[in-house]
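Here is the structure we will look at.
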Amino acid sequence: MWLRAAVAVALLSVLIAGDAHAAVRIANDQGGQIGPYLDAFVSLRKSGQRVIIDGPCLSACTIVLGVVPRERICVTRRAQLGFHAAWNPGNNGRPILSEAGTKALWDLYPGEIRAWLKRRGGLKPRMVFLSGPELMAMYRPCD
């Protein structure tokens, strides 16, 4: 899992190095550890680049919603956000819920996302998905 997060951060870093008016496209991000995603999205925020969510943005990838300004994020019809509680791998490899990680995620999300999650029971071990017209009502559709 750490390798996947490292690769995602490395790819995002390459994209961030470009023109401040360019856009970073998220098309198939399965997520990973919170820390590397937070670092990458803070750098993206500082770059001034726009974000196009054009496919799955799951787990830690959803941190983008709380770090990059809303006016710089747009979503396509293919955009799909997946939210769940944070976890760490246990000794036997099975997930152990992380209250601190889940609180960190919760605190990062914008109010509208938190309200949507509350209506679905909050951040739980099972992933919940936000997509389609419901997502496009919250975030600007991409041109």
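To be explicit about the labels: the chains of the structure tokens are called A, B, and onward in the order shown, and within each one the residues are counted from 1, while ligands get numbers from 1 in the order they are shown.
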- Message: Considering only strand (DSSP E) as DSSP defines it on the backbone, what residues of chain A qualify? List them as a ChimeraX atom specification.
- Response: /A:23-26,50-53,56-58,73-75,80-83,87-89,95-97,128-131,140-141
Could those residues be written to a file, using C-alpha atoms, as a short mmCIF file (atom, residue, chain, number, x, y, z; two decimals), in the first residue's frame?
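Result file is result-v2.cif:
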data_model
loop_
_atom_site.label_atom_id
_atom_site.label_comp_id
_atom_site.auth_asym_id
_atom_site.auth_seq_id
_atom_site.Cartn_x
_atom_site.Cartn_y
_atom_site.Cartn_z
CA ALA A 23 -4.93 20.94 -14.75
CA VAL A 24 -4.26 17.76 -12.86
CA ARG A 25 -6.61 14.96 -13.91
CA ILE A 26 -7.62 12.33 -11.36
CA ARG A 50 -6.95 23.15 -11.32
CA VAL A 51 -8.13 19.60 -10.56
CA ILE A 52 -10.34 17.58 -12.88
CA ILE A 53 -11.89 14.54 -11.22
CA PRO A 56 -12.58 7.06 -9.28
CA CYS A 57 -10.99 9.12 -6.50
CA LEU A 58 -11.17 6.80 -3.53
CA ILE A 73 -12.06 21.56 -8.69
CA CYS A 74 -14.40 20.30 -11.37
CA VAL A 75 -15.99 16.88 -11.92
CA GLN A 80 -16.72 8.90 -8.43
CA LEU A 81 -15.65 9.70 -4.87
CA GLY A 82 -15.30 6.88 -2.34
CA PHE A 83 -15.17 7.60 1.41
CA TRP A 87 -7.37 2.20 9.06
CA ASN A 88 -3.93 0.78 9.65
CA PRO A 89 -2.78 -2.76 8.85
CA PRO A 95 -7.36 -3.56 8.94
CA ILE A 96 -7.58 -1.89 12.34
CA LEU A 97 -9.69 1.26 12.39
CA VAL A 128 -19.70 4.90 0.41
CA PHE A 129 -19.73 6.47 -3.03
CA LEU A 130 -20.70 9.93 -4.24
CA SER A 131 -21.14 10.33 -7.99
CA ARG A 140 -18.75 22.43 -10.82
CA PRO A 141 -19.03 20.23 -13.92
#
- Task: Enumerate the residues of chain A with a DSSP assignment of alpha helix (DSSP H), computed from the backbone, and present them as a PyMOL selection string.
- Result: chain A and resi 2-16+34-47+64-67+99-108+111-118+132-138
- Item | Residue with smallest distance to A:Thr102 - pool A:Ala85, A:Cys142, A:Ala115, A:Ala40, counting only C-alpha atoms | A:Ala85
With a cut-off of 9 Å, could you pull out the residues of stretch 19-48 of chain A touching stretch 60-70 of chain A and give me the nearest pair of atoms for each, distance in Å to one decimal, using only C-alpha atoms, ordered by chain and ascending number, as a Markdown table?
| residue | atom | partner | partner_atom | distance |
| --- | --- | --- | --- | --- |
| A:Ile26 | CA | A:Cys61 | CA | 8.8 |
| A:Asp29 | CA | A:Cys61 | CA | 6.5 |
| A:Gln30 | CA | A:Cys61 | CA | 7.2 |
| A:Gly31 | CA | A:Ala60 | CA | 4.7 |
| A:Gly32 | CA | A:Ala60 | CA | 5.7 |
| A:Gln33 | CA | A:Ala60 | CA | 6.4 |
| A:Ile34 | CA | A:Ala60 | CA | 5.4 |
| A:Gly35 | CA | A:Ala60 | CA | 8.8 |
| A:Tyr37 | CA | A:Ala60 | CA | 6.4 |
| A:Leu38 | CA | A:Ile63 | CA | 6.8 |
| A:Phe41 | CA | A:Val64 | CA | 6.0 |
| A:Val42 | CA | A:Val67 | CA | 6.3 |
| A:Leu44 | CA | A:Val68 | CA | 7.2 |
| A:Arg45 | CA | A:Val68 | CA | 5.0 |
| A:Lys46 | CA | A:Val68 | CA | 8.7 |
| A:Gly48 | CA | A:Val68 | CA | 8.9 |
Preceding selection exported with N, CA and C atoms as a PDB file, in the first residue's frame:
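So the final result, stored in result_22.pdb, reads:
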ATOM      1  N   ILE A  26      -7.531  13.530 -12.188  1.00  0.00           N
ATOM      2  CA  ILE A  26      -7.615  12.331 -11.357  1.00  0.00           C
ATOM      3  C   ILE A  26      -8.595  11.401 -12.050  1.00  0.00           C
ATOM      4  N   ASP A  29      -7.732   6.774  -9.110  1.00  0.00           N
ATOM      5  CA  ASP A  29      -6.901   6.816  -7.908  1.00  0.00           C
ATOM      6  C   ASP A  29      -7.572   6.015  -6.801  1.00  0.00           C
ATOM      7  N   GLN A  30      -6.939   4.913  -6.423  1.00  0.00           N
ATOM      8  CA  GLN A  30      -7.495   4.011  -5.415  1.00  0.00           C
ATOM      9  C   GLN A  30      -7.183   4.434  -3.984  1.00  0.00           C
ATOM     10  N   GLY A  31      -6.390   5.498  -3.805  1.00  0.00           N
ATOM     11  CA  GLY A  31      -6.086   5.991  -2.472  1.00  0.00           C
ATOM     12  C   GLY A  31      -4.873   5.315  -1.869  1.00  0.00           C
ATOM     13  N   GLY A  32      -4.663   5.535  -0.584  1.00  0.00           N
ATOM     14  CA  GLY A  32      -3.503   5.008   0.119  1.00  0.00           C
ATOM     15  C   GLY A  32      -3.382   5.685   1.469  1.00  0.00           C
ATOM     16  N   GLN A  33      -2.171   5.909   1.911  1.00  0.00           N
ATOM     17  CA  GLN A  33      -1.932   6.527   3.210  1.00  0.00           C
ATOM     18  C   GLN A  33      -2.256   8.022   3.170  1.00  0.00           C
ATOM     19  N   ILE A  34      -2.809   8.523   4.251  1.00  0.00           N
ATOM     20  CA  ILE A  34      -3.250   9.915   4.318  1.00  0.00           C
ATOM     21  C   ILE A  34      -2.095  10.897   4.161  1.00  0.00           C
ATOM     22  N   GLY A  35      -0.990  10.683   4.867  1.00  0.00           N
ATOM     23  CA  GLY A  35       0.124  11.635   4.885  1.00  0.00           C
ATOM     24  C   GLY A  35       0.654  12.022   3.511  1.00  0.00           C
ATOM     25  N   TYR A  37      -0.754  11.787   0.620  1.00  0.00           N
ATOM     26  CA  TYR A  37      -1.781  12.491  -0.153  1.00  0.00           C
ATOM     27  C   TYR A  37      -1.933  13.920   0.341  1.00  0.00           C
ATOM     28  N   LEU A  38      -1.918  14.105   1.639  1.00  0.00           N
ATOM     29  CA  LEU A  38      -2.028  15.450   2.189  1.00  0.00           C
ATOM     30  C   LEU A  38      -0.871  16.318   1.699  1.00  0.00           C
ATOM     31  N   PHE A  41      -1.374  17.118  -2.063  1.00  0.00           N
ATOM     32  CA  PHE A  41      -2.449  18.060  -2.348  1.00  0.00           C
ATOM     33  C   PHE A  41      -2.156  19.458  -1.812  1.00  0.00           C
ATOM     34  N   VAL A  42      -1.382  19.565  -0.745  1.00  0.00           N
ATOM     35  CA  VAL A  42      -0.947  20.889  -0.278  1.00  0.00           C
ATOM     36  C   VAL A  42      -0.045  21.521  -1.346  1.00  0.00           C
ATOM     37  N   LEU A  44      -0.126  20.843  -4.517  1.00  0.00           N
ATOM     38  CA  LEU A  44      -1.016  21.147  -5.636  1.00  0.00           C
ATOM     39  C   LEU A  44      -1.763  22.457  -5.373  1.00  0.00           C
ATOM     40  N   ARG A  45      -2.246  22.633  -4.152  1.00  0.00           N
ATOM     41  CA  ARG A  45      -2.934  23.891  -3.802  1.00  0.00           C
ATOM     42  C   ARG A  45      -2.008  25.078  -4.027  1.00  0.00           C
ATOM     43  N   LYS A  46      -0.762  24.959  -3.570  1.00  0.00           N
ATOM     44  CA  LYS A  46       0.205  26.048  -3.717  1.00  0.00           C
ATOM     45  C   LYS A  46       0.541  26.325  -5.175  1.00  0.00           C
ATOM     46  N   GLY A  48      -1.433  26.409  -7.718  1.00  0.00           N
ATOM     47  CA  GLY A  48      -2.468  27.159  -8.425  1.00  0.00           C
ATOM     48  C   GLY A  48      -3.171  26.363  -9.507  1.00  0.00           C
TER      49      GLY A  48
END
- Task: Please measure the separation of atom CA of A:Ile113 and atom CA of A:Pro36, giving the value in Å to one decimal.
- Result: 21.4 Å
- Item | Between atom CA of A:Trp106 and atom CA of A:Gly132 - distance in Å to one decimal | 22.2 Å
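Using only C-alpha atoms, the contacts of A:Gly55 at a cut-off of 6 Å, with sequence neighbours closer than 6 positions omitted, comprise A:Ala27, A:Asn28, A:Arg78, A:Ala79, A:Gln80.
When only C-alpha atoms are used to measure the gap to A:Asp54, the shortest distance among A:Met127, A:Asn92, A:Asp107, A:Arg77 belongs to A:Arg77.
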